[in-house]
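**Q** My file is run.txt. It has compact mmCIF, C-alpha atoms:
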# COMPACT_ATOMS: atom_id res chain seq x y z
CA MET G 1395 59.42 34.69 -129.35
CA LYS G 1396 58.15 32.13 -126.87
CA PHE G 1397 60.33 29.32 -125.62
CA ASP G 1398 58.04 26.67 -127.17
CA ASP G 1399 58.36 28.31 -130.61
CA LEU G 1400 62.13 28.42 -130.27
CA ALA G 1401 62.24 24.73 -129.31
CA ARG G 1402 60.02 23.86 -132.30
CA LEU G 1403 62.18 25.97 -134.60
CA ASN G 1404 65.38 24.31 -133.40
CA GLY G 1405 63.68 20.90 -133.76
CA ALA G 1406 62.78 21.63 -137.39
CA ARG G 1407 66.33 22.81 -138.07
CA GLN G 1408 67.73 19.62 -136.59
CA GLU G 1409 65.36 17.54 -138.73
CA ARG G 1410 66.54 19.49 -141.77
CA ARG G 1411 63.15 21.07 -142.55
CA ALA G 1412 63.07 24.66 -143.84
CA SER G 1413 61.25 27.02 -141.45
CA ALA G 1414 60.41 30.69 -141.18
CA THR G 1415 59.41 33.04 -138.40
CA ILE G 1416 57.07 35.95 -139.11
CA THR G 1417 57.40 38.86 -136.68
CA ASP G 1418 55.06 41.83 -136.52
CA LEU G 1419 57.67 44.44 -135.67
CA ALA G 1420 55.11 46.81 -134.13
CA SER G 1421 53.46 44.35 -131.73
CA GLY G 1422 56.26 41.83 -131.32
CA GLU G 1423 53.86 39.03 -132.22
CA ILE G 1424 55.58 36.02 -133.79
CA SER G 1425 54.40 32.99 -135.71
CA LEU G 1426 56.34 30.01 -136.97
CA VAL G 1427 55.79 28.12 -140.22
CA SER G 1428 57.59 25.18 -141.75
CA GLU G 1429 57.96 24.38 -145.44
CA GLU G 1430 54.83 22.19 -145.26
CA THR G 1431 52.66 24.88 -143.66
CA VAL G 1432 53.37 27.95 -145.82
CA PRO G 1433 50.02 29.80 -146.04
CA GLU G 1434 48.28 31.02 -149.22
CA GLY G 1435 48.20 34.67 -150.25
CA PRO G 1436 50.75 37.49 -150.32
CA LEU G 1437 52.36 36.54 -146.99
CA GLY G 1438 52.76 32.96 -148.20
CA ALA G 1439 54.35 34.21 -151.42
CA GLY G 1440 56.80 36.30 -149.38
CA ILE G 1441 57.66 33.30 -147.23
CA ALA G 1442 58.10 31.03 -150.25
CA ASP G 1443 60.41 33.60 -151.87
CA ALA G 1444 62.48 33.90 -148.73
CA MET G 1445 62.76 30.12 -148.42
CA ARG G 1446 63.86 29.83 -152.03
CA SER G 1447 66.54 32.50 -151.80
CA GLY G 1448 67.53 31.76 -148.20
CA LYS G 1449 67.34 35.49 -147.46
CA ALA G 1450 65.29 37.16 -144.72
CA THR G 1451 63.01 39.98 -145.83
CA SER G 1452 60.22 42.33 -144.75
CA VAL G 1453 56.76 42.56 -146.32
CA GLU G 1454 54.00 45.07 -145.77
CA ILE G 1455 50.54 43.56 -145.54
CA ASP G 1456 47.44 45.49 -144.40
CA ASN G 1457 49.64 48.33 -143.14
CA ARG G 1458 51.63 45.97 -140.95
CA ILE G 1459 55.37 45.47 -141.43
CA LEU G 1460 56.10 41.77 -141.12
CA PHE G 1461 59.68 40.55 -140.83
CA ILE G 1462 60.21 37.12 -142.36
CA ASN G 1463 63.30 35.26 -141.19
CA VAL G 1464 64.20 31.97 -142.84
CA TYR G 1465 66.06 29.00 -141.48
CA LEU G 1466 67.26 26.59 -144.13
CA PRO G 1467 68.95 23.34 -143.19
CA PRO G 1468 72.73 23.71 -143.09
CA PRO G 1469 74.23 22.50 -146.36
CA ARG G 1470 75.95 19.16 -146.13
CA ILE G 1471 78.15 17.19 -148.44
CA VAL G 1472 77.81 13.46 -148.91
CA VAL G 1473 80.83 11.90 -150.56
CA ILE G 1474 80.55 8.47 -152.15
CA GLY G 1475 83.98 6.88 -151.88
CA ALA G 1476 86.58 7.01 -149.11
CA VAL G 1477 89.32 7.84 -151.60
CA HIS G 1478 92.34 10.15 -151.58
CA ILE G 1479 90.28 13.17 -152.78
CA SER G 1480 87.78 12.53 -149.97
CA GLN G 1481 90.55 12.76 -147.38
CA ALA G 1482 91.34 16.31 -148.53
CA LEU G 1483 87.66 17.25 -148.97
CA ALA G 1484 86.91 16.08 -145.42
CA ARG G 1485 89.43 18.62 -144.14
CA LEU G 1486 88.32 21.49 -146.39
CA ALA G 1487 84.55 21.17 -145.95
CA PRO G 1488 84.31 22.10 -142.23
CA VAL G 1489 86.40 25.23 -142.84
CA ALA G 1490 83.73 26.44 -145.28
CA GLY G 1491 80.94 25.49 -142.83
CA TYR G 1492 79.70 22.30 -144.47
CA ASP G 1493 78.84 19.07 -142.69
CA LEU G 1494 80.40 16.12 -144.46
CA THR G 1495 79.67 12.40 -144.53
CA ILE G 1496 81.57 9.76 -146.48
CA ILE G 1497 79.94 6.52 -147.60
CA ASP G 1498 82.02 3.63 -148.93
CA PRO G 1499 81.20 -0.06 -148.52
CA ARG G 1500 84.84 -1.01 -149.08
CA THR G 1501 86.17 -1.45 -145.56
CA ALA G 1502 89.77 -1.22 -146.76
CA PHE G 1503 89.12 2.39 -147.77
CA ALA G 1504 86.71 3.52 -145.05
CA THR G 1505 89.11 3.24 -142.12
CA GLU G 1506 89.63 5.37 -139.06
CA GLU G 1507 93.34 5.31 -139.81
CA ARG G 1508 92.68 7.19 -143.05
CA PHE G 1509 89.92 9.50 -141.83
CA GLY G 1510 90.23 10.03 -138.07
CA ASP G 1511 87.01 11.39 -136.60
CA VAL G 1512 85.34 12.17 -139.95
CA ASP G 1513 81.81 10.74 -140.29
CA VAL G 1514 82.65 7.69 -142.44
CA ILE G 1515 80.06 4.96 -143.00
CA ALA G 1516 81.42 1.64 -144.31
CA GLU G 1517 78.16 0.42 -145.84
CA TRP G 1518 76.45 0.33 -149.24
CA PRO G 1519 74.81 3.63 -150.24
CA GLU G 1520 71.54 1.70 -150.74
CA ASP G 1521 71.49 0.83 -147.02
CA VAL G 1522 72.65 4.21 -145.72
CA LEU G 1523 70.19 6.23 -147.81
CA ARG G 1524 67.24 4.26 -146.49
CA GLU G 1525 68.01 5.70 -143.04
CA ARG G 1526 69.44 9.06 -144.10
CA PRO G 1527 67.94 10.08 -147.45
CA PHE G 1528 69.31 12.97 -149.49
CA ASP G 1529 67.43 16.29 -149.51
CA SER G 1530 67.66 19.45 -151.58
CA TYR G 1531 70.20 20.93 -149.11
CA THR G 1532 72.62 18.07 -149.77
CA ALA G 1533 75.54 18.10 -152.20
CA VAL G 1534 76.53 14.68 -153.51
CA ALA G 1535 79.98 13.95 -154.88
CA ALA G 1536 80.47 10.46 -156.33
CA LEU G 1537 84.17 9.67 -156.34
CA THR G 1538 84.65 5.90 -156.56
CA HIS G 1539 84.62 5.49 -160.39
CA ASP G 1540 82.77 2.25 -159.66
CA PRO G 1541 79.25 2.08 -161.16
CA LYS G 1542 78.24 -0.53 -158.57
CA ILE G 1543 78.83 2.05 -155.82
CA ASP G 1544 78.28 5.42 -157.57
CA ASP G 1545 75.23 4.90 -159.81
CA PHE G 1546 72.56 4.36 -157.18
CA PRO G 1547 73.40 7.43 -155.06
CA LEU G 1548 73.75 9.57 -158.22
CA SER G 1549 70.27 8.50 -159.29
CA GLN G 1550 68.91 9.22 -155.80
CA ALA G 1551 70.61 12.63 -155.77
CA LEU G 1552 68.90 13.59 -159.03
CA LYS G 1553 65.52 12.41 -157.70
CA ALA G 1554 65.92 14.28 -154.39
CA GLY G 1555 66.83 17.54 -156.14
CA CYS G 1556 70.20 17.81 -154.38
CA PHE G 1557 71.60 21.31 -154.95
CA TYR G 1558 74.80 19.79 -156.29
CA VAL G 1559 75.50 16.48 -157.97
CA GLY G 1560 79.03 15.80 -159.13
CA ALA G 1561 80.79 12.71 -160.41
CA LEU G 1562 84.46 11.99 -160.88
CA GLY G 1563 85.62 10.57 -164.18
CA SER G 1564 86.73 11.49 -167.66
CA ARG G 1565 84.28 12.62 -170.33
CA LYS G 1566 84.35 9.08 -171.76
CA THR G 1567 83.56 7.53 -168.37
CA HIS G 1568 80.81 10.06 -167.87
CA ALA G 1569 79.25 9.34 -171.28
CA LYS G 1570 78.90 5.67 -170.28
CA ARG G 1571 77.51 6.74 -166.90
CA ALA G 1572 74.97 8.97 -168.62
CA ASP G 1573 73.81 5.99 -170.70
CA ARG G 1574 73.34 3.90 -167.56
CA LEU G 1575 71.39 6.69 -165.82
CA LYS G 1576 69.21 7.00 -168.91
CA ASP G 1577 68.49 3.27 -168.62
CA MET G 1578 67.53 3.93 -164.98
CA GLY G 1579 64.83 6.31 -166.24
CA HIS G 1580 66.52 9.71 -165.95
CA SER G 1581 65.96 12.39 -168.57
CA GLU G 1582 68.78 14.12 -170.45
CA ALA G 1583 67.98 17.35 -168.58
CA GLU G 1584 68.36 15.60 -165.21
CA ILE G 1585 71.62 13.96 -166.25
CA ALA G 1586 72.91 17.33 -167.50
CA ARG G 1587 72.72 18.56 -163.88
CA ILE G 1588 75.64 16.30 -162.97
CA SER G 1589 78.91 18.19 -162.77
CA ALA G 1590 81.36 15.98 -164.64
CA PRO G 1591 84.29 16.01 -164.80
CA ILE G 1592 83.81 17.08 -161.20
CA GLY G 1593 84.84 20.49 -159.87
CA LEU G 1594 85.47 23.97 -161.20
CA ASP G 1595 88.03 24.02 -163.98
CA ILE G 1596 91.07 25.40 -162.13
CA GLY G 1597 93.52 22.96 -163.67
CA ALA G 1598 93.53 20.82 -160.53
CA ALA G 1599 96.41 18.37 -160.81
CA ASN G 1600 96.31 16.31 -157.63
CA PRO G 1601 93.75 14.95 -155.15
CA ALA G 1602 93.87 17.98 -152.81
CA GLU G 1603 93.39 20.39 -155.69
CA ILE G 1604 90.51 18.33 -157.09
CA ALA G 1605 88.95 18.45 -153.61
CA LEU G 1606 89.31 22.24 -153.57
CA ALA G 1607 87.84 22.53 -157.08
CA THR G 1608 84.93 20.32 -156.01
CA LEU G 1609 84.25 22.37 -152.88
CA ALA G 1610 84.31 25.60 -154.92
CA ASP G 1611 81.90 23.98 -157.40
CA ILE G 1612 79.59 23.10 -154.48
CA VAL G 1613 79.72 26.63 -153.06
CA ARG G 1614 78.86 28.07 -156.46
CA SER G 1615 75.86 25.75 -156.80
CA LEU G 1616 74.59 26.66 -153.32
CA ARG G 1617 74.99 30.41 -153.66
CA ARG G 1618 73.55 30.55 -157.16
CA ARG G 1619 70.83 27.98 -156.62
CA ASP G 1620 68.07 30.57 -156.91
CA LEU G 1621 69.18 31.08 -160.49
CA LEU G 1622 68.48 27.43 -161.24
CA THR G 1623 65.12 25.89 -161.86
CA GLN G 1624 64.07 24.18 -158.67
CA GLY G 1625 64.16 20.40 -159.12
CA MET K 24 77.88 25.30 -139.14
CA THR K 25 75.81 22.45 -137.78
CA VAL K 26 72.56 23.03 -135.91
CA THR K 27 73.91 21.33 -132.81
CA SER K 28 76.97 23.57 -132.67
CA SER K 29 77.60 25.44 -129.44
CA LEU K 30 78.21 28.50 -131.65
CA ASP K 31 74.59 28.45 -132.86
CA PRO K 32 72.80 31.37 -131.14
CA LEU K 33 69.30 29.83 -131.26
CA VAL K 34 70.41 26.47 -129.88
CA THR K 35 72.34 28.32 -127.18
CA ALA K 36 69.28 30.45 -126.36
CA GLN K 37 67.22 27.29 -125.91
CA ASN K 38 69.88 25.65 -123.72
CA TRP K 39 70.17 28.76 -121.57
CA ALA K 40 66.40 29.02 -121.11
CA GLU K 41 66.23 25.32 -120.22
CA SER K 42 68.76 25.85 -117.47
CA GLY K 43 66.62 28.67 -116.07
CA ARG K 44 68.53 31.65 -117.45
CA ASP K 45 66.78 34.77 -118.79
CA VAL K 46 67.42 35.17 -122.49
CA ALA K 47 67.06 37.90 -125.12
CA ILE K 48 67.41 37.39 -128.86
CA ALA K 49 68.65 40.19 -131.11
CA THR K 50 68.03 39.94 -134.85
CA VAL K 51 69.25 42.08 -137.75
CA VAL K 52 66.00 43.11 -139.50
CA GLU K 53 67.26 45.70 -141.97
CA THR K 54 70.57 46.75 -143.50
CA TRP K 55 71.63 49.64 -145.73
CA GLY K 56 74.92 49.88 -147.57
CA SER K 57 77.70 47.51 -146.61
CA ALA K 58 76.62 45.65 -143.50
CA PRO K 59 78.84 43.06 -141.89
CA ARG K 60 76.10 40.49 -141.18
CA PRO K 61 73.07 39.76 -143.35
CA ILE K 62 69.44 40.35 -142.39
CA GLY K 63 68.25 37.53 -140.14
CA SER K 64 71.52 37.13 -138.19
CA HIS K 65 71.08 36.49 -134.48
CA LEU K 66 72.81 37.31 -131.22
CA ALA K 67 71.62 35.49 -128.09
CA ILE K 68 72.22 37.25 -124.78
CA ASP K 69 71.56 36.13 -121.21
CA GLY K 70 70.82 38.27 -118.15
CA GLU K 71 74.50 38.26 -117.17
CA GLY K 72 75.64 39.63 -120.52
CA ASN K 73 76.95 36.34 -121.91
CA PHE K 74 76.44 36.22 -125.67
CA VAL K 75 76.70 33.93 -128.69
CA GLY K 76 76.36 34.84 -132.36
CA SER K 77 76.71 38.23 -134.01
CA VAL K 78 74.74 41.10 -135.53
CA SER K 79 77.81 42.95 -136.81
CA GLY K 80 81.51 42.34 -137.04
CA GLY K 81 81.84 43.04 -133.33
CA CYS K 82 81.27 46.79 -133.79
CA VAL K 83 77.93 47.21 -132.01
CA GLU K 84 77.55 44.01 -129.99
CA GLY K 85 78.49 45.79 -126.78
CA ALA K 86 75.62 48.26 -127.15
CA VAL K 87 73.18 45.54 -128.16
CA ILE K 88 74.05 43.52 -125.05
CA THR K 89 73.46 46.51 -122.78
CA GLU K 90 70.05 47.10 -124.39
CA ALA K 91 69.25 43.38 -124.27
CA ILE K 92 69.76 43.25 -120.51
CA GLU K 93 67.24 46.08 -120.22
CA VAL K 94 64.80 44.26 -122.52
CA ILE K 95 65.16 41.16 -120.33
CA SER K 96 64.13 43.11 -117.24
CA SER K 97 61.35 45.16 -118.89
CA GLY K 98 60.00 42.46 -121.22
CA THR K 99 59.32 45.09 -123.90
CA PRO K 100 60.99 44.53 -127.28
CA LYS K 101 63.17 47.28 -128.72
CA MET K 102 64.29 48.38 -132.17
CA LEU K 103 67.88 49.64 -132.28
CA GLU K 104 69.49 51.50 -135.14
CA PHE K 105 73.20 51.83 -135.75
CA GLY K 106 74.84 54.00 -138.37
CA VAL K 107 78.36 54.97 -139.27
CA ALA K 108 80.70 55.31 -136.31
CA ASP K 109 81.35 58.90 -135.38
CA GLU K 110 84.69 58.96 -133.61
CA THR K 111 84.40 62.53 -132.37
CA ALA K 112 81.01 61.89 -130.75
CA TRP K 113 82.16 58.57 -129.28
CA GLN K 114 79.08 57.09 -130.78
CA VAL K 115 78.73 53.35 -131.18
CA GLY K 116 78.58 52.53 -134.86
CA LEU K 117 79.75 50.61 -137.85
CA SER K 118 83.16 51.42 -139.25
CA CYS K 119 82.22 49.89 -142.60
CA GLY K 120 79.89 52.76 -143.45
CA GLY K 121 76.65 50.81 -143.41
CA LYS K 122 73.54 51.10 -141.30
CA ILE K 123 71.64 48.36 -139.53
CA ARG K 124 68.45 47.93 -137.52
CA VAL K 125 68.42 45.32 -134.79
CA TYR K 126 65.28 44.00 -133.11
CA VAL K 127 65.78 42.87 -129.52
CA GLU K 128 63.16 40.73 -127.77
CA ARG K 129 62.97 38.72 -124.58
CA LEU K 130 62.48 34.98 -124.98
CA GLY K 131 59.07 34.39 -123.41
CA ARG K 132 58.07 31.43 -121.28
What does this structure look like when you write it as structure tokens?

**A**
Amino acid sequence: MKFDDLARLNGARQERRASATITDLASGEISLVSEETVPEGPLGAGIADAMRSGKATSVEIDNRILFINVYLPPPRIVVIGAVHISQALARLAPVAGYDLTIIDPRTAFATEERFGDVDVIAEWPEDVLRERPFDSYTAVAALTHDPKIDDFPLSQALKAGCFYVGALGSRKTHAKRADRLKDMGHSEAEIARISAPIGLDIGAANPAEIALATLADIVRSLRRRDLLTQG
Amino acid sequence: MTVTSSLDPLVTAQNWAESGRDVAIATVVETWGSAPRPIGSHLAIDGEGNFVGSVSGGCVEGAVITEAIEVISSGTPKMLEFGVADETAWQVGLSCGGKIRVYVERLGR
């Protein structure tokens, strides 16, 4: 690999764009493609497969063995609501290798006192997402219970094809939320992607356990995402 | 792990090259059986033998680094293969019983 290719690859990774390198293992020749420049044909199909599954692979084309390595953006979690569950989730997420950002316009909740050096943004999701939109490598967990704060980011998460969309609240609360999302133009199939009540069913009984159940739910969605229809 | 992390082998490789150090990148290109790190995993090595990342659970890194230093001076990429550790032969290998192939190349200017 040449230095310029490495710098471009790292740049794409920082900008959260999926990339792949294709190495001819006999000659050492390397080329770099990003998700927008996947070529047509059998090589392109191999690259697209690798990008979907996140797994590197080798393909044989015209008697040449080509090694395809993929670089997907690191998964990140965006939490809506600087609540008690978020405090625990902010501590668990880095252990599992996830970046985490918390958005909550309520300045009484989004304090340094409560969150230390966690990336907490005390602004409306509408404003934050203009600058930092969701992508398919983002997990969104809406935890405020407040439609004014939760509904917009949930809708955006469904539109962006986030690999995980979860929302806190009882089945009754979620039924009302589903009605509102329907009014916002979402289909039943889209709304069915929302994990609600949030988290794997492990009988979580307190905020820390709900955070753990949510993180496990997120990991499951990421690792099994190739079993889902791509949004 | 974030892309900016100092534990990221490719970011480290770029930083090293920018500060004028010679760099090799080792990549797992094939695995058989139980392998500690998946295909695509990287180890970045500089000319002094400093390294970041991993291609195994620490079982074969030493050998990869030695080969990488040679690749840095020759400029010719190498394919390395590691199988099960054979204690009697003092062979470098994987205790987990798997087999891996590691491609080592010099980062070009």

**Q** Contacts of Ala1504 in chain G at 10 Å or less, counting only C-alpha atoms, minus same-chain residues fewer than 4 places along, as a list in words?

**A**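 Skipping anything fewer than 4 positions along the chain leaves Gly1475, Ala1476, Val1477, Ile1496, Ile1497, Asp1498, Pro1499, Arg1500, Arg1508, Phe1509, Asp1513, Val1514, Ile1515, Ala1516 and Glu1517 of chain G.
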
**Q** If you count all atoms listed in the file, which residues fall within 9 Å of Gly70 in chain K, apart from same-chain ones fewer than 6 positions away, as a PyMOL selection string?

**A** chain K and resi 44-47+91-93+95-96

**Q** Provide as a ChimeraX atom specification the residues of chain G at most 9 Å from chain K, counting all atoms listed in the file.

**A** /G:1395-1398,1400-1401,1403-1404,1407-1408,1419,1421-1422,1449-1452,1461-1465,1467-1470,1488,1490-1493

**Q** Report, in Å with one decimal, the straight-line distance from CA of Leu1460 in chain G to CA of Gly1440 in chain G.

**A**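 Interatomic distance here is 9.9 Å.
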
**Q** Pick from G:Val1512, G:Ala1420, G:Ile1585, G:Ala1533: nearest to Ile1471 in chain G, with only C-alpha atoms counted?

**A**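 Of the candidates, the smallest distance to Ile1471 in chain G is held by G:Ala1533.
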
**Q** What does the distance from CA of Arg124 in chain K to CA of Leu103 in chain K come to in Å, to one decimal?

**A**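 Those two atoms sit 5.5 Å apart.
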